[in-house]
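File shown: input-v2.cif. Contents: mmCIF, C-alpha atoms.
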data_upload
#
loop_
_atom_site.label_atom_id
_atom_site.label_comp_id
_atom_site.auth_asym_id
_atom_site.auth_seq_id
_atom_site.Cartn_x
_atom_site.Cartn_y
_atom_site.Cartn_z
CA MET A 1 -7.77 -1.65 -28.98
CA THR A 2 -7.11 -5.29 -28.15
CA GLN A 3 -9.39 -6.80 -25.52
CA SER A 4 -7.49 -10.07 -24.99
CA ARG A 5 -7.00 -11.24 -21.43
CA TYR A 6 -3.24 -11.26 -21.56
CA PHE A 7 -1.12 -12.32 -18.58
CA PRO A 8 2.67 -11.87 -18.71
CA ALA A 9 4.90 -14.91 -18.43
CA THR A 10 7.32 -15.16 -15.54
CA SER A 11 10.36 -13.93 -17.42
CA ALA A 12 8.79 -12.00 -20.29
CA TRP A 13 6.33 -9.21 -20.91
CA ASP A 14 4.69 -8.45 -24.23
CA LYS A 15 4.79 -4.85 -25.40
CA VAL A 16 2.09 -3.05 -27.31
CA ASP A 17 2.47 -0.22 -29.81
CA PRO A 18 0.88 2.98 -28.47
CA ARG A 19 -1.24 3.59 -31.58
CA GLU A 20 -2.38 -0.02 -31.61
CA ALA A 21 -3.38 0.38 -27.94
CA GLY A 22 -5.27 3.59 -28.68
CA TYR A 23 -2.75 6.20 -27.53
CA ALA A 24 -1.12 9.12 -29.31
CA PRO A 25 2.64 8.42 -29.08
CA ASP A 26 3.62 12.07 -28.62
CA ARG A 27 1.14 12.67 -25.82
CA LEU A 28 2.10 9.42 -24.12
CA ALA A 29 5.78 10.40 -24.33
CA ALA A 30 4.92 13.79 -22.82
CA ALA A 31 3.25 12.11 -19.83
CA VAL A 32 6.32 9.95 -19.27
CA ALA A 33 8.57 13.00 -19.58
CA PHE A 34 6.44 14.75 -16.96
CA ALA A 35 6.99 11.89 -14.51
CA GLN A 36 10.72 11.88 -15.19
CA ALA A 37 10.99 15.64 -14.71
CA ASN A 38 9.21 15.64 -11.35
CA GLU A 39 11.23 13.29 -9.17
CA THR A 40 10.69 13.59 -5.42
CA PRO A 41 13.04 16.01 -3.63
CA TRP A 42 13.74 13.36 -1.01
CA PRO A 43 17.48 12.54 -0.92
CA ARG A 44 18.46 9.24 -2.51
CA GLY A 45 19.64 7.94 0.85
CA PHE A 46 16.47 9.17 2.67
CA TYR A 47 18.50 11.17 5.20
CA TYR A 48 19.22 14.89 4.92
CA ASP A 49 22.69 16.22 5.65
CA ASP A 50 21.63 17.11 9.19
CA GLY A 51 20.68 13.47 9.88
CA ARG A 52 16.90 13.84 9.70
CA TYR A 53 14.89 11.04 8.09
CA ALA A 54 13.02 12.50 5.10
CA PRO A 55 9.60 10.96 5.85
CA ASN A 56 9.65 12.32 9.37
CA VAL A 57 10.44 15.78 8.03
CA ASP A 58 7.45 15.61 5.67
CA TRP A 59 5.12 14.46 8.45
CA ASN A 60 6.48 16.81 11.11
CA GLU A 61 7.39 13.88 13.32
CA VAL A 62 9.74 14.70 16.18
CA GLY A 63 10.29 13.57 19.75
CA PRO A 64 11.20 10.40 21.60
CA TRP A 65 9.20 7.98 19.43
CA SER A 66 10.51 8.92 15.99
CA ALA A 67 13.53 6.60 15.91
CA VAL A 68 14.06 4.53 12.74
CA LEU A 69 13.89 0.84 13.67
CA GLY A 70 14.33 -0.97 10.36
CA PRO A 71 16.70 -0.92 7.39
CA VAL A 72 16.75 2.01 4.98
CA CYS A 73 18.37 1.49 1.57
CA GLU A 74 19.31 4.08 -1.03
CA ARG A 75 16.64 4.48 -3.70
CA GLY A 76 16.87 4.74 -7.45
CA GLY A 77 15.64 7.58 -9.63
CA SER A 78 12.33 8.25 -11.32
CA ALA A 79 10.90 5.02 -12.71
CA GLY A 80 7.59 3.53 -13.72
CA LEU A 81 5.52 1.78 -16.32
CA VAL A 82 2.08 1.77 -17.89
CA LEU A 83 0.11 -1.34 -18.84
CA GLN A 84 -2.74 -1.46 -21.31
CA ASN A 85 -4.78 -4.67 -21.22
CA GLY A 86 -1.87 -6.23 -19.37
CA ARG A 87 0.74 -5.45 -22.02
CA MET A 88 3.59 -3.01 -21.53
CA LEU A 89 2.67 0.34 -23.05
CA ALA A 90 5.47 2.53 -21.65
CA THR A 91 8.41 2.25 -19.26
CA TRP A 92 11.01 4.60 -17.82
CA GLY A 93 13.86 4.23 -15.36
CA GLU A 94 14.88 1.05 -13.55
CA THR A 95 11.58 -0.79 -13.39
CA ALA A 96 13.05 -3.98 -11.90
CA ARG A 97 14.95 -2.21 -9.11
CA ALA A 98 13.71 -3.23 -5.64
CA ASP A 99 13.21 0.08 -3.80
CA MET A 100 11.42 0.98 -0.60
CA THR A 101 7.73 1.46 -1.34
CA PHE A 102 6.37 2.78 1.97
CA SER A 103 2.58 2.51 2.44
CA ILE A 104 1.87 0.55 -0.72
CA ALA A 105 2.64 -2.35 1.64
CA LYS A 106 -0.70 -1.62 3.33
CA SER A 107 -2.58 -2.71 0.22
CA TYR A 108 -0.62 -5.99 0.24
CA LEU A 109 -1.71 -6.45 3.87
CA ALA A 110 -5.33 -6.04 2.76
CA VAL A 111 -4.85 -8.89 0.29
CA LEU A 112 -3.36 -11.09 3.00
CA ALA A 113 -6.41 -10.35 5.15
CA GLY A 114 -8.56 -11.57 2.26
CA ILE A 115 -6.58 -14.79 2.09
CA ALA A 116 -7.09 -15.24 5.84
CA VAL A 117 -10.84 -14.84 5.34
CA ASP A 118 -10.83 -17.27 2.41
CA ASP A 119 -8.86 -19.81 4.47
CA GLY A 120 -11.33 -19.56 7.35
CA LEU A 121 -8.77 -18.01 9.69
CA ILE A 122 -11.12 -15.03 10.02
CA GLY A 123 -14.75 -16.03 10.25
CA ASP A 124 -16.31 -12.57 10.03
CA ILE A 125 -14.48 -9.27 9.56
CA ASP A 126 -16.95 -7.69 11.96
CA GLU A 127 -15.97 -9.98 14.82
CA PRO A 128 -13.64 -8.61 17.53
CA VAL A 129 -10.00 -9.29 16.68
CA GLY A 130 -9.39 -10.44 20.25
CA THR A 131 -11.64 -13.44 19.60
CA ARG A 132 -8.86 -15.03 17.54
CA VAL A 133 -5.77 -13.17 18.74
CA PRO A 134 -5.17 -13.97 22.42
CA GLY A 135 -3.06 -11.94 24.81
CA PRO A 136 -3.00 -8.39 26.13
CA LEU A 137 -3.42 -6.46 22.85
CA PHE A 138 -7.23 -6.51 23.05
CA ALA A 139 -7.72 -7.22 26.73
CA ASP A 140 -9.15 -3.93 27.98
CA ALA A 141 -12.74 -2.87 27.41
CA HIS A 142 -11.87 -0.26 24.77
CA ASN A 143 -9.62 -2.45 22.60
CA ALA A 144 -11.92 -5.45 22.99
CA ARG A 145 -14.38 -3.72 20.64
CA VAL A 146 -11.88 -3.47 17.76
CA THR A 147 -12.85 -5.60 14.77
CA TRP A 148 -10.96 -6.68 11.66
CA ARG A 149 -13.01 -4.20 9.62
CA HIS A 150 -11.90 -1.38 11.91
CA LEU A 151 -8.23 -2.24 11.38
CA LEU A 152 -8.70 -2.52 7.60
CA GLU A 153 -10.54 0.82 7.39
CA GLN A 154 -8.18 2.57 9.85
CA THR A 155 -11.06 3.36 12.22
CA SER A 156 -9.99 1.08 15.07
CA GLU A 157 -8.95 3.76 17.59
CA TRP A 158 -6.84 1.00 19.21
CA ARG A 159 -4.73 2.34 22.05
CA GLY A 160 -1.44 0.93 23.18
CA GLU A 161 2.20 0.55 22.22
CA LEU A 162 3.73 -1.76 19.64
CA PHE A 163 7.46 -2.23 19.07
CA GLY A 164 8.21 0.91 21.06
CA LYS A 165 5.72 3.08 19.14
CA PRO A 166 2.55 4.27 20.92
CA ASP A 167 -0.61 4.90 18.92
CA GLN A 168 -0.32 8.55 19.96
CA ILE A 169 2.57 9.09 17.52
CA ASP A 170 0.07 9.35 14.63
CA HIS A 171 -2.73 11.16 16.46
CA ASN A 172 -3.95 14.15 14.42
CA ARG A 173 -2.02 12.94 11.36
CA LEU A 174 -3.32 14.03 7.97
CA VAL A 175 -2.48 12.37 4.65
CA ALA A 176 -2.80 14.66 1.62
CA PRO A 177 -0.50 16.86 -0.45
CA ASN A 178 0.60 19.83 1.66
CA ALA A 179 -1.41 18.56 4.66
CA ASP A 180 -1.06 20.44 7.93
CA ASN A 181 0.61 18.05 10.36
CA SER A 182 1.54 20.70 12.91
CA ARG A 183 -0.48 18.83 15.57
CA LYS A 184 0.72 15.34 14.66
CA GLY A 185 1.59 13.38 17.79
CA GLU A 186 -0.49 15.51 20.12
CA LEU A 187 -2.58 13.29 22.38
CA ARG A 188 -6.30 13.50 21.66
CA GLU A 189 -9.33 11.87 23.20
CA LEU A 190 -10.02 8.49 21.63
CA GLN A 191 -13.38 7.76 20.01
CA THR A 192 -15.40 4.56 19.98
CA PRO A 193 -13.76 1.95 17.71
CA GLY A 194 -15.27 2.16 14.24
CA SER A 195 -16.45 5.76 14.58
CA PHE A 196 -13.36 7.78 13.61
CA TYR A 197 -10.88 7.52 10.72
CA GLU A 198 -7.20 8.21 11.32
CA TYR A 199 -4.18 7.20 9.25
CA ASN A 200 -2.14 5.50 11.96
CA ASP A 201 0.87 3.30 11.19
CA VAL A 202 1.02 1.77 14.67
CA ARG A 203 -2.46 0.36 14.17
CA VAL A 204 -1.63 -0.91 10.68
CA ASN A 205 1.40 -2.66 12.15
CA LEU A 206 -0.99 -4.16 14.68
CA LEU A 207 -3.06 -5.62 11.84
CA SER A 208 0.11 -7.17 10.42
CA LEU A 209 0.98 -8.73 13.78
CA CYS A 210 -2.56 -10.07 14.14
CA LEU A 211 -2.42 -11.69 10.69
CA LEU A 212 0.92 -13.22 11.64
CA ASN A 213 -0.81 -14.77 14.67
CA LEU A 214 -3.42 -16.30 12.37
CA PHE A 215 -1.11 -17.66 9.66
CA LYS A 216 1.57 -18.66 12.18
CA ARG A 217 4.23 -18.12 9.55
CA PRO A 218 6.00 -14.95 8.35
CA LEU A 219 3.72 -12.86 6.17
CA PRO A 220 6.35 -12.46 3.41
CA ASP A 221 6.36 -16.26 3.09
CA VAL A 222 2.58 -16.34 2.82
CA LEU A 223 2.55 -13.55 0.25
CA ARG A 224 5.27 -15.19 -1.81
CA ALA A 225 3.58 -18.59 -1.88
CA ARG A 226 0.00 -17.44 -2.37
CA ILE A 227 0.38 -14.35 -4.57
CA MET A 228 3.81 -13.33 -5.80
CA ASP A 229 5.15 -16.65 -7.11
CA PRO A 230 1.88 -17.56 -8.89
CA ILE A 231 1.84 -14.19 -10.72
CA GLY A 232 5.46 -14.60 -11.83
CA ALA A 233 7.00 -11.90 -9.62
CA SER A 234 10.76 -11.68 -9.32
CA LYS A 235 12.79 -13.14 -6.47
CA ASP A 236 14.23 -9.69 -5.70
CA TRP A 237 11.43 -8.26 -3.55
CA GLU A 238 11.52 -8.58 0.22
CA TRP A 239 9.45 -7.45 3.19
CA VAL A 240 11.54 -6.58 6.22
CA GLY A 241 10.58 -5.94 9.83
CA TYR A 242 12.14 -3.86 12.59
CA ASP A 243 15.12 -4.81 14.70
CA ASN A 244 12.74 -5.23 17.63
CA SER A 245 9.68 -6.75 15.91
CA PHE A 246 10.48 -10.41 16.57
CA VAL A 247 7.72 -12.33 18.34
CA GLU A 248 7.19 -15.92 19.42
CA ILE A 249 4.16 -17.79 18.09
CA ASP A 250 3.59 -21.44 19.00
CA GLY A 251 7.18 -21.65 20.18
CA LYS A 252 8.62 -20.28 16.92
CA ARG A 253 10.47 -16.99 16.68
CA MET A 254 9.48 -14.90 13.68
CA ARG A 255 9.46 -11.25 12.68
CA SER A 256 6.37 -9.13 12.24
CA VAL A 257 6.56 -6.80 9.23
CA PRO A 258 5.29 -3.20 9.06
CA GLY A 259 2.75 -1.71 6.69
CA GLY A 260 5.27 0.78 5.33
CA GLY A 261 8.67 2.40 5.79
CA HIS A 262 7.57 5.03 8.32
CA TRP A 263 10.29 3.85 10.71
CA GLY A 264 12.40 1.99 8.18
CA GLY A 265 11.91 -1.55 6.95
CA GLY A 266 8.81 -2.45 5.01
CA MET A 267 8.56 -3.73 1.46
CA PHE A 268 11.45 -3.39 -1.00
CA ILE A 269 10.11 -4.12 -4.47
CA GLY A 270 10.34 -3.15 -8.14
CA ALA A 271 7.79 -1.46 -10.39
CA GLU A 272 7.37 -4.58 -12.51
CA ASP A 273 6.38 -6.69 -9.50
CA HIS A 274 3.95 -3.95 -8.43
CA ALA A 275 2.47 -4.04 -11.94
CA ARG A 276 1.87 -7.78 -11.77
CA PHE A 277 0.17 -7.31 -8.41
CA GLY A 278 -1.93 -4.49 -9.82
CA LEU A 279 -2.92 -6.60 -12.82
CA LEU A 280 -4.04 -9.40 -10.50
CA MET A 281 -6.22 -6.93 -8.60
CA ALA A 282 -7.62 -5.44 -11.83
CA ARG A 283 -8.55 -8.96 -12.93
CA GLY A 284 -10.48 -9.55 -9.72
CA GLY A 285 -7.98 -11.92 -8.10
CA ASP A 286 -7.76 -14.26 -11.10
CA TRP A 287 -4.41 -14.99 -12.74
CA ASN A 288 -4.78 -16.73 -16.05
CA GLY A 289 -7.52 -19.00 -14.76
CA GLN A 290 -6.04 -19.53 -11.29
CA ARG A 291 -8.13 -18.01 -8.51
CA LEU A 292 -5.70 -16.43 -6.04
CA LEU A 293 -8.12 -14.09 -4.25
CA PRO A 294 -11.92 -14.13 -4.19
CA GLN A 295 -13.61 -11.55 -6.40
CA ALA A 296 -15.85 -10.75 -3.43
CA TRP A 297 -12.81 -9.69 -1.39
CA VAL A 298 -11.51 -7.45 -4.17
CA ASP A 299 -14.94 -5.82 -4.29
CA ALA A 300 -14.91 -5.39 -0.50
CA MET A 301 -11.45 -3.79 -0.52
CA TRP A 302 -12.62 -1.23 -3.05
CA ALA A 303 -15.95 -0.33 -1.46
CA PRO A 304 -16.09 3.06 0.31
CA SER A 305 -15.48 2.67 4.02
CA SER A 306 -17.69 4.07 6.75
CA GLY A 307 -15.02 6.50 7.91
CA LEU A 308 -13.82 7.97 4.62
CA PRO A 309 -15.57 7.85 1.21
CA ASN A 310 -12.29 7.71 -0.71
CA TYR A 311 -10.81 4.87 1.36
CA GLY A 312 -11.58 1.16 1.31
CA PHE A 313 -9.63 -1.63 3.00
CA LEU A 314 -6.15 -0.03 2.93
CA TRP A 315 -6.72 1.08 -0.69
CA TRP A 316 -7.48 4.60 -1.90
CA LEU A 317 -10.55 5.22 -4.08
CA ASN A 318 -10.93 7.96 -6.68
CA ARG A 319 -13.98 9.46 -4.98
CA GLY A 320 -14.97 12.50 -2.98
CA PRO A 321 -13.68 16.08 -3.06
CA HIS A 322 -10.06 15.06 -3.62
CA ALA A 323 -10.79 12.76 -6.58
CA ASN A 324 -8.90 13.16 -9.84
CA LYS A 325 -11.66 14.64 -12.00
CA ALA A 326 -9.95 13.47 -15.19
CA ALA A 327 -10.28 9.83 -14.13
CA PRO A 328 -13.32 7.63 -13.54
CA GLU A 329 -14.76 7.19 -10.06
CA THR A 330 -14.06 3.46 -10.37
CA ALA A 331 -10.28 3.99 -10.38
CA VAL A 332 -8.40 2.81 -7.29
CA TYR A 333 -4.83 3.11 -6.16
CA ALA A 334 -2.24 2.01 -3.63
CA LEU A 335 -0.13 4.90 -2.38
CA GLY A 336 3.23 5.15 -0.65
CA ALA A 337 5.13 8.15 0.68
CA GLY A 338 7.87 9.68 -1.41
CA GLY A 339 5.93 9.25 -4.63
CA ASN A 340 5.05 5.55 -5.02
CA MET A 341 1.77 4.48 -6.57
CA ILE A 342 -0.09 1.63 -8.24
CA TRP A 343 -2.96 3.23 -10.18
CA ILE A 344 -5.69 0.93 -11.52
CA ASP A 345 -8.20 2.27 -14.06
CA ARG A 346 -10.50 -0.72 -14.27
CA ASP A 347 -12.77 0.78 -16.92
CA ALA A 348 -9.91 1.33 -19.36
CA GLU A 349 -7.86 -1.76 -18.37
CA MET A 350 -4.95 0.61 -17.68
CA ILE A 351 -2.46 0.28 -14.83
CA ALA A 352 0.27 2.78 -14.02
CA VAL A 353 3.07 2.27 -11.52
CA THR A 354 5.11 5.31 -10.51
CA ARG A 355 8.24 5.43 -8.40
CA TRP A 356 9.33 8.69 -6.75
CA LEU A 357 6.69 10.89 -8.40
CA PRO A 358 5.33 13.12 -5.57
CA SER A 359 1.65 12.62 -4.78
CA ALA A 360 1.01 16.30 -5.53
CA LYS A 361 2.19 15.68 -9.12
CA ALA A 362 0.55 12.28 -9.62
CA PRO A 363 -2.91 13.66 -10.58
CA GLU A 364 -1.40 15.64 -13.46
CA PHE A 365 0.51 12.58 -14.66
CA ILE A 366 -2.72 10.55 -14.66
CA ARG A 367 -4.54 13.38 -16.42
CA GLN A 368 -1.90 13.41 -19.16
CA LEU A 369 -2.04 9.63 -19.50
CA ILE A 370 -5.79 9.71 -19.99
CA ALA A 371 -5.50 12.66 -22.40
CA ALA A 372 -3.05 10.61 -24.47
CA ARG A 373 -5.83 8.25 -25.52
CA ILE A 374 -6.97 8.73 -29.06
#
Here is the file; what I need is its structure written in the form of structure tokens.
Amino acid sequence: MTQSRYFPATSAWDKVDPREAGYAPDRLAAAVAFAQANETPWPRGFYYDDGRYAPNVDWNEVGPWSAVLGPVCERGGSAGLVLQNGRMLATWGETARADMTFSIAKSYLAVLAGIAVDDGLIGDIDEPVGTRVPGPLFADAHNARVTWRHLLEQTSEWRGELFGKPDQIDHNRLVAPNADNSRKGELRELQTPGSFYEYNDVRVNLLSLCLLNLFKRPLPDVLRARIMDPIGASKDWEWVGYDNSFVEIDGKRMRSVPGGGHWGGGMFIGAEDHARFGLLMARGGDWNGQRLLPQAWVDAMWAPSSGLPNYGFLWWLNRGPHANKAAPETAVYALGAGGNMIWIDRDAEMIAVTRWLPSAKAPEFIRQLIAARI
């Protein structure tokens, strides 16, 4: 198996023969066929015939706060790719198509936080966010204790409303295949910031707004200039906010972007661009000799958090009782609703990007990929 540190050019991507890369072609083809045969049941337009938004149906979200605020665009079919040592090992579907990617955007936010730390815009991730973000968001005694680490680990317990969505909307929310979300949205007593993990999109959107206050320029512009253009990503991806998420910072009107497509909007991006991003992460923030993100920040993102052993800084870790036993504990992944994933097996230098493969089926796909190795 080649061990060269290959990085794809902007407009080209070298392919590698499965046998040369150490894979049995028939078993690799079977894994791809499995992904193709298990496309998400979500409708292509994301709305069911009765007008319900598919994500809200999955999460049992109803009531006055569930309105979709951002654009929703029809998706493509099953698609994805597998990289081995950076080279293209397998592809299926429309890998360049820019589709909604839901919560994979959270992992991009984590990278932007690392850039803010590297630029000195955040001095210490354990300092209160309100120290650098003025205004009412962190003014009361409870919210004043929220730190950057809390927001990155989803343990902030921040209370309030952002863009018409109160934090309560994701109280009691569970994220796992077939999770029981019958109590989602029920008000619960808040815990001390840093002491309780909860997957809460309002609070992730708060992190995005806070980073916008630090950079003082739209986050998509920062991401494009600092990460996506240097790694040769396409010009087709975009990160879109809500109709009501415009804010004024230093006299300039700009739009805050969400950490997913929970209420529409979010990141619209292709599998190939995800793969480049994943390769940058797998290489510790280095792109062909250009340091785009500190290795120390990559390590921090992928360290188990205090609130959940299989969660880092807005990245999932292959640890704990729900780990994929066929894969190494060092594997990490970015995950988005509807079946979107960037899987990084650092030990094997293998990256897999799946589009519209349900999370309940993803472990079997990864198992088959690993079993395809000779």
Which is closest to Trp287 of chain A among A:Gly232, A:Val68, A:Ala271, A:Ile366, if we use all atoms listed in the file?
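Going through A:Gly232, A:Val68, A:Ala271, A:Ile366 one by one, the smallest distance to Trp287 of chain A is for A:Gly232.
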For the atom pair atom CA of Lys216 of chain A and atom CA of Arg132 of chain A, what is the interatomic distance in Å to one decimal place?
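One can read the atom CA of Lys216 of chain A to atom CA of Arg132 of chain A distance as 12.3 Å.
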Ground truth for the PyMOL selection byres ((chain A and resi 247) around 12), written as an MDAnalysis selection string:
chainID A and resid 162:163 209:210 212:213 216:218 241:246 248:257
I'd like to know which of A:Glu329, A:Glu20, A:Glu272, A:Asp299 is closest to Arg97 of chain A, using all atoms listed in the file.
A:Glu272
Quick one: residues within 12 Å of Leu190 of chain A, all atoms listed in the file, excluding same-chain residues fewer than 4 positions away - as a PyMOL selection string?
chain A and resi 142-143+155-160+167-168+171-172+186+194-198
Given the choices A:Asp119, A:Asp14, A:Asp126, A:Asp58, which gets closest to Val175 of chain A if the distance is worked out from all atoms listed in the file?
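Selected residue with least distance to Val175 of chain A: A:Asp58.
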Near-Gly93 of chain A list (6 Å; only C-alpha atoms; drop same-chain fewer than 2 positions) as a ChimeraX atom specification
/A:78-79,95
